[in-house]
Amino acid sequence: MLISNFSPKSVLNPLGNICRSPIAEAVFRKLVTDEKLDHKWRTDSAAVSDWNVGRSPDSRALNCLRNHGIQTAHKARQITKEDFQTFDHILCMDESNLRDLNRKSNQVKDCKAKIELLGSYDPQKQLIIEDPYYGSEKDFETVYQQCLRCCKAFLEMPH
């Protein structure tokens, strides 16, 4: 998930960009909209890989979001060098994403993004947000709940 505060801050959640990251992006958008802060934040998500570029989120992710009254028109895309230069925060889901993003950021001149795990903000201390792709609807709900906790905690931090 990529997030930018228009005074400017940012965030991202990668891998295939059809499960966890679009959930996190949609959750964050809803939180800032509900708090009437949407004019202050720019939010996006992108993948480390190019596997799913142009695809909509997984149907189970969309169903999970709909169950919580959240809509998304997200289409998967791959992270770009410009993302590292324009977003203040890149929040990822697991250690593999973290390694890949840190490696990619080392190849970008003027990288300003702080790269970290979204789970590092979890008040329940669940650091890794597991990929639900090979799981069930319940696993997508678990991802939603983790993203909700983490995004709320992230927003409570001074930025």
# chains A, B, ... in the order shown; residues from 1 in each chain; ligands from 1
call {"tool": "select_by_dssp", "arguments": {"residues": "chain A", "states": "strand (DSSP E or B)", "output": "list in words"}}
result
Leu2, Ile3, Ser4, Asn5, Trp41, Arg42, Thr43, Asp44, Ala47, Gln78, His89, Ile90, Leu91, Cys92, Lys114, Ile115, Glu116 and Leu117 of chain A
call {"tool": "write_last_selection", "arguments": {"atoms": "N, CA, C and O atoms", "output": "PDB file, in the first residue's frame"}}
result
ATOM      1  N   LEU A   2       0.606   2.163  -0.865  1.00  0.00           N
ATOM      2  CA  LEU A   2       1.326   3.430  -0.927  1.00  0.00           C
ATOM      3  C   LEU A   2       0.417   4.489  -0.328  1.00  0.00           C
ATOM      4  O   LEU A   2      -0.723   4.607  -0.742  1.00  0.00           O
ATOM      5  N   ILE A   3       0.932   5.245   0.602  1.00  0.00           N
ATOM      6  CA  ILE A   3       0.146   6.322   1.192  1.00  0.00           C
ATOM      7  C   ILE A   3       0.983   7.578   1.219  1.00  0.00           C
ATOM      8  O   ILE A   3       2.136   7.553   1.616  1.00  0.00           O
ATOM      9  N   SER A   4       0.401   8.664   0.807  1.00  0.00           N
ATOM     10  CA  SER A   4       1.072   9.953   0.857  1.00  0.00           C
ATOM     11  C   SER A   4       0.191  10.932   1.592  1.00  0.00           C
ATOM     12  O   SER A   4      -0.979  11.056   1.286  1.00  0.00           O
ATOM     13  N   ASN A   5       0.770  11.583   2.560  1.00  0.00           N
ATOM     14  CA  ASN A   5       0.078  12.680   3.214  1.00  0.00           C
ATOM     15  C   ASN A   5       0.378  13.884   2.344  1.00  0.00           C
ATOM     16  O   ASN A   5       1.512  14.119   2.000  1.00  0.00           O
ATOM     17  N   TRP A  41      -4.278  12.724   2.570  1.00  0.00           N
ATOM     18  CA  TRP A  41      -3.536  11.498   2.278  1.00  0.00           C
ATOM     19  C   TRP A  41      -3.714  11.061   0.836  1.00  0.00           C
ATOM     20  O   TRP A  41      -4.808  11.097   0.299  1.00  0.00           O
ATOM     21  N   ARG A  42      -2.638  10.596   0.241  1.00  0.00           N
ATOM     22  CA  ARG A  42      -2.659   9.947  -1.066  1.00  0.00           C
ATOM     23  C   ARG A  42      -2.296   8.489  -0.824  1.00  0.00           C
ATOM     24  O   ARG A  42      -1.265   8.194  -0.220  1.00  0.00           O
ATOM     25  N   THR A  43      -3.146   7.589  -1.258  1.00  0.00           N
ATOM     26  CA  THR A  43      -2.978   6.163  -0.972  1.00  0.00           C
ATOM     27  C   THR A  43      -2.960   5.358  -2.264  1.00  0.00           C
ATOM     28  O   THR A  43      -3.743   5.607  -3.167  1.00  0.00           O
ATOM     29  N   ASP A  44      -2.089   4.376  -2.329  1.00  0.00           N
ATOM     30  CA  ASP A  44      -2.015   3.486  -3.479  1.00  0.00           C
ATOM     31  C   ASP A  44      -1.418   2.172  -3.002  1.00  0.00           C
ATOM     32  O   ASP A  44      -0.977   2.064  -1.853  1.00  0.00           O
ATOM     33  N   ALA A  47       2.795  -3.901  -6.453  1.00  0.00           N
ATOM     34  CA  ALA A  47       3.432  -5.197  -6.241  1.00  0.00           C
ATOM     35  C   ALA A  47       4.936  -5.110  -6.456  1.00  0.00           C
ATOM     36  O   ALA A  47       5.414  -4.273  -7.213  1.00  0.00           O
ATOM     37  N   GLN A  78       2.866  -2.715 -10.712  1.00  0.00           N
ATOM     38  CA  GLN A  78       4.175  -2.982 -10.123  1.00  0.00           C
ATOM     39  C   GLN A  78       4.756  -1.680  -9.591  1.00  0.00           C
ATOM     40  O   GLN A  78       4.566  -0.605 -10.177  1.00  0.00           O
ATOM     41  N   HIS A  89       6.279   6.608   2.930  1.00  0.00           N
ATOM     42  CA  HIS A  89       6.226   5.300   3.597  1.00  0.00           C
ATOM     43  C   HIS A  89       5.869   4.222   2.592  1.00  0.00           C
ATOM     44  O   HIS A  89       4.970   4.396   1.780  1.00  0.00           O
ATOM     45  N   ILE A  90       6.569   3.102   2.675  1.00  0.00           N
ATOM     46  CA  ILE A  90       6.214   1.894   1.952  1.00  0.00           C
ATOM     47  C   ILE A  90       6.046   0.825   3.021  1.00  0.00           C
ATOM     48  O   ILE A  90       7.008   0.458   3.693  1.00  0.00           O
ATOM     49  N   LEU A  91       4.803   0.393   3.182  1.00  0.00           N
ATOM     50  CA  LEU A  91       4.485  -0.602   4.204  1.00  0.00           C
ATOM     51  C   LEU A  91       4.215  -1.928   3.517  1.00  0.00           C
ATOM     52  O   LEU A  91       3.341  -2.025   2.662  1.00  0.00           O
ATOM     53  N   CYS A  92       4.954  -2.946   3.907  1.00  0.00           N
ATOM     54  CA  CYS A  92       4.813  -4.247   3.268  1.00  0.00           C
ATOM     55  C   CYS A  92       4.319  -5.289   4.261  1.00  0.00           C
ATOM     56  O   CYS A  92       4.180  -5.013   5.454  1.00  0.00           O
ATOM     57  N   LYS A 114      10.362   5.457   3.646  1.00  0.00           N
ATOM     58  CA  LYS A 114      10.705   4.624   4.794  1.00  0.00           C
ATOM     59  C   LYS A 114      10.008   3.290   4.563  1.00  0.00           C
ATOM     60  O   LYS A 114       8.781   3.237   4.457  1.00  0.00           O
ATOM     61  N   ILE A 115      10.778   2.224   4.471  1.00  0.00           N
ATOM     62  CA  ILE A 115      10.236   0.902   4.161  1.00  0.00           C
ATOM     63  C   ILE A 115      10.164   0.093   5.444  1.00  0.00           C
ATOM     64  O   ILE A 115      11.169  -0.084   6.134  1.00  0.00           O
ATOM     65  N   GLU A 116       8.963  -0.392   5.744  1.00  0.00           N
ATOM     66  CA  GLU A 116       8.789  -1.184   6.960  1.00  0.00           C
ATOM     67  C   GLU A 116       7.584  -2.104   6.826  1.00  0.00           C
ATOM     68  O   GLU A 116       6.794  -1.989   5.893  1.00  0.00           O
ATOM     69  N   LEU A 117       7.461  -3.013   7.783  1.00  0.00           N
ATOM     70  CA  LEU A 117       6.334  -3.932   7.812  1.00  0.00           C
ATOM     71  C   LEU A 117       5.098  -3.228   8.357  1.00  0.00           C
ATOM     72  O   LEU A 117       5.168  -2.575   9.409  1.00  0.00           O
TER      73      LEU A 117
END
call {"tool": "residues_around", "arguments": {"residues": "Glu156 in chain A", "least_positions_apart": "2", "cutoff": "12 Å", "atoms": "only C-alpha atoms", "output": "ChimeraX atom specification"}}
result
/A:31-32,35,121-123,149-154,158-159
call {"tool": "closest_residue", "arguments": {"among": "A:Arg103, A:Val108, A:Lys36, A:Ala61", "to": "Asp139 in chain A", "atoms": "only C-alpha atoms"}}
result
A:Ala61
call {"tool": "atom_distance", "arguments": {"atom1": "CA of Leu98 in chain A", "atom2": "CA of Gly135 in chain A"}}
result
22.2 Å
call {"tool": "closest_residue", "arguments": {"among": "A:Ser49, A:Thr33, A:Ser59, A:Asn97", "to": "Asp131 in chain A", "atoms": "only C-alpha atoms"}}
result
A:Asn97
call {"tool": "select_by_dssp", "arguments": {"residues": "chain A", "states": "helix (DSSP H, G or I)", "output": "MDAnalysis selection string"}}
result
chainID A and resid 20:34 59:67 81:86 95:105 118:121 137:156
call {"tool": "write_last_selection", "arguments": {"atoms": "C-alpha atoms", "output": "tab-separated table (two decimals), in the first residue's frame"}}
result
chain	number	residue	atom	x	y	z
A	20	ARG	CA	-3.27	-8.18	1.06
A	21	SER	CA	-2.23	-4.84	-0.39
A	22	PRO	CA	-5.56	-3.90	-1.98
A	23	ILE	CA	-7.26	-4.81	1.30
A	24	ALA	CA	-4.83	-2.59	3.23
A	25	GLU	CA	-5.20	0.22	0.70
A	26	ALA	CA	-9.02	0.09	0.83
A	27	VAL	CA	-9.02	-0.08	4.64
A	28	PHE	CA	-6.70	2.92	4.89
A	29	ARG	CA	-8.79	4.91	2.39
A	30	LYS	CA	-11.95	4.19	4.39
A	31	LEU	CA	-10.32	5.18	7.67
A	32	VAL	CA	-9.06	8.51	6.34
A	33	THR	CA	-12.40	9.19	4.63
A	34	ASP	CA	-14.35	8.40	7.80
A	59	SER	CA	-12.66	-12.15	-5.62
A	60	ARG	CA	-12.31	-13.26	-1.99
A	61	ALA	CA	-10.58	-9.96	-1.15
A	62	LEU	CA	-13.41	-8.06	-2.84
A	63	ASN	CA	-16.03	-10.11	-0.98
A	64	CYS	CA	-14.29	-9.47	2.32
A	65	LEU	CA	-14.17	-5.73	1.68
A	66	ARG	CA	-17.85	-5.69	0.59
A	67	ASN	CA	-18.77	-7.49	3.83
A	81	LYS	CA	11.38	3.91	-9.01
A	82	GLU	CA	9.20	7.03	-8.75
A	83	ASP	CA	7.23	5.41	-5.91
A	84	PHE	CA	10.43	5.24	-3.85
A	85	GLN	CA	11.07	8.91	-4.61
A	86	THR	CA	7.57	10.29	-4.02
A	95	GLU	CA	9.97	-10.27	5.34
A	96	SER	CA	10.31	-11.38	1.72
A	97	ASN	CA	8.61	-8.16	0.57
A	98	LEU	CA	10.79	-6.19	2.96
A	99	ARG	CA	14.00	-7.69	1.53
A	100	ASP	CA	12.86	-7.16	-2.08
A	101	LEU	CA	11.83	-3.56	-1.43
A	102	ASN	CA	15.04	-2.71	0.40
A	103	ARG	CA	17.03	-4.20	-2.49
A	104	LYS	CA	15.02	-2.20	-5.05
A	105	SER	CA	15.32	1.00	-2.99
A	118	LEU	CA	2.71	-2.83	8.19
A	119	GLY	CA	2.53	-5.37	11.00
A	120	SER	CA	5.06	-3.35	13.00
A	121	TYR	CA	2.08	-1.12	13.88
A	137	GLU	CA	-12.50	-16.70	3.18
A	138	LYS	CA	-11.56	-16.84	6.88
A	139	ASP	CA	-7.94	-16.09	5.99
A	140	PHE	CA	-9.01	-12.99	4.04
A	141	GLU	CA	-11.00	-11.84	7.08
A	142	THR	CA	-7.89	-12.33	9.24
A	143	VAL	CA	-5.92	-10.14	6.80
A	144	TYR	CA	-8.68	-7.51	6.92
A	145	GLN	CA	-8.66	-7.43	10.74
A	146	GLN	CA	-4.85	-7.19	10.86
A	147	CYS	CA	-4.84	-4.39	8.26
A	148	LEU	CA	-7.57	-2.53	10.15
A	149	ARG	CA	-5.62	-2.66	13.44
A	150	CYS	CA	-2.34	-1.69	11.78
A	151	CYS	CA	-3.76	1.14	9.68
A	152	LYS	CA	-5.56	2.62	12.71
A	153	ALA	CA	-2.33	2.48	14.73
A	154	PHE	CA	-0.33	3.97	11.84
A	155	LEU	CA	-2.76	6.89	11.60
A	156	GLU	CA	-2.48	7.53	15.34
call {"tool": "closest_residue", "arguments": {"among": "A:Thr72, A:Lys109, A:Asp94, A:Met157", "to": "Leu127 in chain A", "atoms": "only C-alpha atoms"}}
result
A:Asp94
call {"tool": "atom_distance", "arguments": {"atom1": "CA of Ile70 in chain A", "atom2": "CA of Arg55 in chain A"}}
result
18.5 Å
call {"tool": "residues_around", "arguments": {"residues": "Gly54 in chain A", "least_positions_apart": "4", "cutoff": "10 Å", "atoms": "only C-alpha atoms", "output": "ChimeraX atom specification"}}
result
/A:17-18,50,74-78
call {"tool": "atom_distance", "arguments": {"atom1": "CA of Glu130 in chain A", "atom2": "CA of Gly16 in chain A"}}
result
12.9 Å
